[in-house]
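J.: Have a look at this one.
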Amino acid sequence: MSGSGPHRRAVLASGLSAAALLGLTPRSAAARTVRADSPGQPLAVTTVAGSLEHPWGLAFLPDGSMLVTERPGRLRRIMPDGEVSKPLEGGPRVLARGQGGLLGIALAPDFARNRQIFLSFAEAREGSTNATAVYRGRLSVAGDALEDGRVIWRQQPAFASSNHFGSRIVADRSGHLFVTTGDRFSQMDLSQDPSNTIAKIVRITADGEPALDNPRAAGRSGWAPEVWAIGLRNVQGAALHPESGLLWVSNHGPRGGDGLYAVRPGENYGWPLISWGTHYDGRPVNGGLREREGLVQPLVHWTPSIAPAGLTFYTGDLMPAWKGSAFSGALAGRMLVRIMLDGERVVGQQRLLTDLGHRFRDVQAGPDGALWALTDARDGALLRIAPPEG
């Protein structure tokens with residue numbers, strides 16, 4: 001597959017009206033600008049690359065190109081001009097079923113030296129079972145293959161399920177990896193058992209071993225050595241706070257109760273003992289209990305659900321009005337959400353790009369100061385979001 005260079009879609013917006021752009025594809029869209037009545041940050045939304053099949057995760061390489069995972073199991077390199085590579089050789093053997101496939105991606109903090117890349121994915125196990133796993137490989141000098149790869153970590157236990165794999169990977173400031181896992185949909189009661197890695201945040205070394213300063217080492221008896229925090233149903237957005245270095249995540253609730261959390265070691269985020277949502281059939285979760293002593297509340301919850309996916313903090317200078325905000329994609333909500341912060345307190349929200357109709361799977365602050373986003377579709381796209389030129 002190859003791209004044909006960027007096609008520009010420009011939107012002057014705050015909230016954002018772009019109905020005239022609907023129905024256009026990356027290969028047929030003409031350059032055009034739609035002006036919105038609502039005030040706010042002017043934006044130009046550029047389709048840099050299209051024809052990506054359910055793209056899931058995005059990482060920026062030092063040379064200006066990008067790596068994008070596609071859920072069916074392909075890893076592609078996208079050049080700044082929008083050219084899309086053939087699938088890279090190598091990589092893990094991926095189970096692409098339901099919500100499973102090739103998912104999160106992260107570069108090693110010392111990528112410039114070792115060219116290591118980490119991928120999370122759904123892996124087939126014994127019989128018909130499966131679970132989340134993490135793979136490490138080295139990007140070839142030509143940038144067209146992963147070399148010397150191996151699976152470094154596996155979620156346990158495995159189940160016959162096609163849902164709730166997580167899974168984002170974030171490297172912390174010590175070089176260890178946070179990995180988010182889901183409750184596999186049918187195993188929510190295991191979320192409160194810290195001896196397994198179902199519905200947990202785990203923290204491992206670059207070799208896949210438990211980090212030595214995890215909660216178990218600090219006296220949390222009964223915790224699996226790699227477990228960092230428990231009770232998070234299905235985290236699909238994760239990023240480090242740029243000032244504190246603390247891991248923040250966005251978590252899928254059931255029917256409502258999606259939440260944004262600042263995650264600390266050894267804490268319990270409640271699922272399924274408390275929830276601001278209900279089960280899909282309308283039944284209350286644990287009798288409708290929303291709060292309980294010792295269980296952490298979200299910084300903000302989204303009810304009805306927006307299905308948050310992807311999370312980033314904006315620290316660039318290209319859009320100074322947004323500096324210090326967090327941004328989340330939304331699948332069910334079909335938008336980007338700007339989350340305005342005062343420290344760890346959410347002081348406001350702004351819903352963006354609502355009229356484009358996209359399911360936003362990932363959003364990242366790019367090294368160029370723009371926001372970059374992936375849209376979840378059979379014909380998904382990589383978008384660049386920035387002020388209009390001129």
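Just remember, in the structure tokens the first chain shown is A, the second B, etc., residues are 1-based per chain, and ligands are 1-based in the order shown.
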Name the residues in contact with segment 369-372 of chain A at a cut-off of 8 Å, using only C-alpha atoms, excluding same-chain residues fewer than 5 positions from it; report them as a PyMOL selection string.

T.: chain A and resi 315-319+363-364+382-386

J.: Compile the contact shell of Ser140 of chain A as a list in words: residues with an atom at most 8 Å away, counting only C-alpha atoms, same-chain residues fewer than 6 positions apart removed.

T.: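 After dropping sequence-adjacent residues, the list is Arg115, Leu146 and Glu147 of chain A.
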
J.: State, in Å with one decimal place, the distance from atom CA of Ile78 of chain A to atom CA of Ala112 of chain A.

T.: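 Computed distance, atom CA of Ile78 of chain A to atom CA of Ala112 of chain A, equals 18.4 Å.
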
J.: A:Val249, A:Val48, A:Met340, A:Val202: which is nearest Pro308 of chain A, counting only C-alpha atoms?

T.: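 Result for the nearest residue to Pro308 of chain A: A:Val249.
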
J.: Go through A:Lys323, A:Arg233, A:Arg113, A:His176 and flag the residue nearest Glu209 of chain A, using only C-alpha atoms for the distances.

T.: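 Of the candidates, the smallest distance to Glu209 of chain A is held by A:His176.
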
J.: Quick one, how far is atom CA of Asn286 of chain A from atom CA of Gln192 of chain A?

T.: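 So the two atoms, atom CA of Asn286 of chain A and atom CA of Gln192 of chain A, lie 13.2 Å apart.
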
J.: Skipping near chain neighbours, those fewer than 5 positions away, what residues fall within 7 Å of segment 52-60 of chain A using only C-alpha atoms, listed as a list in words?

T.: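 With the cut-off at 7 Å, the set is Ser65, Met66, Leu67, Val68, Thr69, Glu70, Arg71, Leu103, Gly104, Ile105, Ala106, Arg361, Asp362, Leu374, Thr375, Asp376, Ala377, Arg378, Asp379, Gly380 and Ala381 of chain A.
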
J.: Would you export the selected residues with N, CA, C and O atoms as a JSON list (two decimals), in the first residue's frame, please?

T.:
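What landed in result.json:
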```
[["chain", "number", "residue", "atom", "x", "y", "z"],
["A", 65, "SER", "N", 9.51, 10.62, 10.21],
["A", 65, "SER", "CA", 8.49, 9.66, 9.80],
["A", 65, "SER", "C", 7.77, 9.12, 11.03],
["A", 65, "SER", "O", 8.13, 9.42, 12.17],
["A", 66, "MET", "N", 6.74, 8.33, 10.80],
["A", 66, "MET", "CA", 5.91, 7.81, 11.88],
["A", 66, "MET", "C", 5.66, 6.33, 11.68],
["A", 66, "MET", "O", 5.62, 5.84, 10.53],
["A", 67, "LEU", "N", 5.49, 5.61, 12.77],
["A", 67, "LEU", "CA", 5.06, 4.22, 12.74],
["A", 67, "LEU", "C", 3.61, 4.14, 13.20],
["A", 67, "LEU", "O", 3.24, 4.76, 14.20],
["A", 68, "VAL", "N", 2.81, 3.39, 12.46],
["A", 68, "VAL", "CA", 1.39, 3.23, 12.78],
["A", 68, "VAL", "C", 1.07, 1.74, 12.79],
["A", 68, "VAL", "O", 1.41, 1.00, 11.85],
["A", 69, "THR", "N", 0.42, 1.28, 13.86],
["A", 69, "THR", "CA", -0.08, -0.09, 13.92],
["A", 69, "THR", "C", -1.47, -0.14, 13.30],
["A", 69, "THR", "O", -2.28, 0.77, 13.49],
["A", 70, "GLU", "N", -1.74, -1.20, 12.57],
["A", 70, "GLU", "CA", -3.08, -1.50, 12.08],
["A", 70, "GLU", "C", -3.57, -2.75, 12.81],
["A", 70, "GLU", "O", -2.84, -3.74, 12.91],
["A", 71, "ARG", "N", -4.79, -2.70, 13.29],
["A", 71, "ARG", "CA", -5.30, -3.77, 14.14],
["A", 71, "ARG", "C", -5.22, -5.16, 13.49],
["A", 71, "ARG", "O", -4.95, -6.15, 14.20],
["A", 103, "LEU", "N", -1.93, -3.58, 18.57],
["A", 103, "LEU", "CA", -2.53, -2.48, 19.32],
["A", 103, "LEU", "C", -1.51, -1.37, 19.61],
["A", 103, "LEU", "O", -1.16, -0.60, 18.73],
["A", 104, "GLY", "N", -1.00, -1.29, 20.83],
["A", 104, "GLY", "CA", -0.17, -0.16, 21.24],
["A", 104, "GLY", "C", 1.24, -0.23, 20.71],
["A", 104, "GLY", "O", 1.75, -1.30, 20.33],
["A", 105, "ILE", "N", 1.91, 0.92, 20.70],
["A", 105, "ILE", "CA", 3.29, 1.02, 20.24],
["A", 105, "ILE", "C", 4.01, 2.08, 21.06],
["A", 105, "ILE", "O", 3.42, 3.10, 21.44],
["A", 106, "ALA", "N", 5.28, 1.84, 21.35],
["A", 106, "ALA", "CA", 6.11, 2.82, 22.04],
["A", 106, "ALA", "C", 7.55, 2.62, 21.61],
["A", 106, "ALA", "O", 8.00, 1.48, 21.40],
["A", 361, "ARG", "N", -9.24, 6.99, 17.31],
["A", 361, "ARG", "CA", -8.62, 5.90, 18.05],
["A", 361, "ARG", "C", -7.39, 6.34, 18.84],
["A", 361, "ARG", "O", -7.10, 5.82, 19.91],
["A", 362, "ASP", "N", -6.63, 7.28, 18.31],
["A", 362, "ASP", "CA", -5.43, 7.74, 19.01],
["A", 362, "ASP", "C", -5.24, 9.22, 18.71],
["A", 362, "ASP", "O", -5.62, 9.72, 17.65],
["A", 374, "LEU", "N", -5.44, 9.35, 14.74],
["A", 374, "LEU", "CA", -5.81, 8.21, 13.90],
["A", 374, "LEU", "C", -7.31, 8.00, 13.99],
["A", 374, "LEU", "O", -7.89, 8.05, 15.09],
["A", 375, "THR", "N", -7.93, 7.77, 12.84],
["A", 375, "THR", "CA", -9.36, 7.49, 12.82],
["A", 375, "THR", "C", -9.58, 6.00, 12.64],
["A", 375, "THR", "O", -8.92, 5.34, 11.85],
["A", 376, "ASP", "N", -10.52, 5.47, 13.41],
["A", 376, "ASP", "CA", -10.78, 4.03, 13.43],
["A", 376, "ASP", "C", -11.84, 3.69, 12.40],
["A", 376, "ASP", "O", -13.02, 3.98, 12.59],
["A", 377, "ALA", "N", -11.41, 3.07, 11.30],
["A", 377, "ALA", "CA", -12.32, 2.65, 10.25],
["A", 377, "ALA", "C", -11.59, 1.67, 9.34],
["A", 377, "ALA", "O", -10.36, 1.56, 9.38],
["A", 378, "ARG", "N", -12.35, 0.95, 8.55],
["A", 378, "ARG", "CA", -11.73, 0.06, 7.57],
["A", 378, "ARG", "C", -10.85, 0.87, 6.62],
["A", 378, "ARG", "O", -9.83, 0.38, 6.14],
["A", 379, "ASP", "N", -11.27, 2.10, 6.34],
["A", 379, "ASP", "CA", -10.48, 3.04, 5.54],
["A", 379, "ASP", "C", -10.11, 4.20, 6.45],
["A", 379, "ASP", "O", -10.55, 5.33, 6.26],
["A", 380, "GLY", "N", -9.28, 3.91, 7.47],
["A", 380, "GLY", "CA", -8.91, 4.93, 8.44],
["A", 380, "GLY", "C", -7.83, 5.86, 7.91],
["A", 380, "GLY", "O", -7.26, 5.66, 6.84],
["A", 381, "ALA", "N", -7.55, 6.90, 8.70],
["A", 381, "ALA", "CA", -6.63, 7.94, 8.24],
["A", 381, "ALA", "C", -5.76, 8.46, 9.37],
["A", 381, "ALA", "O", -6.08, 8.33, 10.55]]
```

J.: Any chance you could tabulate, as a tab-separated table, the residues of segment 239-275 of chain A at most 12 Å from segment 217-231 of chain A with each one's nearest atom pair and distance in Å to one decimal, using only C-alpha atoms, in chain and rising number order?

T.:
```
residue	atom	partner	partner_atom	distance
A:Leu247	CA	A:Trp228	CA	10.7
A:Trp248	CA	A:Ala229	CA	11.9
A:Val249	CA	A:Ala229	CA	11.5
A:Asn251	CA	A:Gly231	CA	10.2
A:His252	CA	A:Gly231	CA	11.6
A:Gly253	CA	A:Gly231	CA	11.1
A:Tyr261	CA	A:Ala229	CA	11.4
A:Ala262	CA	A:Ala229	CA	10.9
A:Val263	CA	A:Ala229	CA	7.3
A:Arg264	CA	A:Ala229	CA	7.0
A:Pro265	CA	A:Trp228	CA	5.1
A:Gly266	CA	A:Ala229	CA	5.1
A:Glu267	CA	A:Ala229	CA	5.3
A:Asn268	CA	A:Ile230	CA	5.0
A:Tyr269	CA	A:Gly231	CA	4.7
A:Gly270	CA	A:Gly231	CA	4.9
A:Trp271	CA	A:Gly231	CA	4.5
A:Pro272	CA	A:Gly231	CA	7.1
A:Leu273	CA	A:Gly231	CA	8.5
A:Ile274	CA	A:Gly231	CA	9.5
A:Ser275	CA	A:Gly231	CA	10.7
```

J.: Could you turn the residues from that selection into a file that holds C-alpha atoms, as a compact mmCIF listing (two decimals), in the first residue's frame?

T.:
```txt
# COMPACT_ATOMS: atom_id res chain seq x y z
CA LEU A 247 0.89 8.08 34.47
CA TRP A 248 -2.57 9.31 33.42
CA VAL A 249 -5.06 6.99 31.75
CA ASN A 251 -10.64 4.02 31.03
CA HIS A 252 -13.69 2.52 29.34
CA GLY A 253 -16.63 2.13 31.68
CA TYR A 261 -7.39 8.96 36.20
CA ALA A 262 -3.99 9.94 37.55
CA VAL A 263 -2.52 6.56 38.46
CA ARG A 264 -0.40 6.00 41.55
CA PRO A 265 1.27 2.76 42.63
CA GLY A 266 -0.75 0.39 44.78
CA GLU A 267 -4.07 2.16 44.25
CA ASN A 268 -7.45 0.59 43.48
CA TYR A 269 -9.63 2.29 40.86
CA GLY A 270 -12.75 0.39 41.76
CA TRP A 271 -13.97 -1.78 38.89
CA PRO A 272 -16.38 -3.55 39.34
CA LEU A 273 -17.06 -2.52 42.93
CA ILE A 274 -18.03 1.01 41.91
CA SER A 275 -19.00 2.63 38.62
```
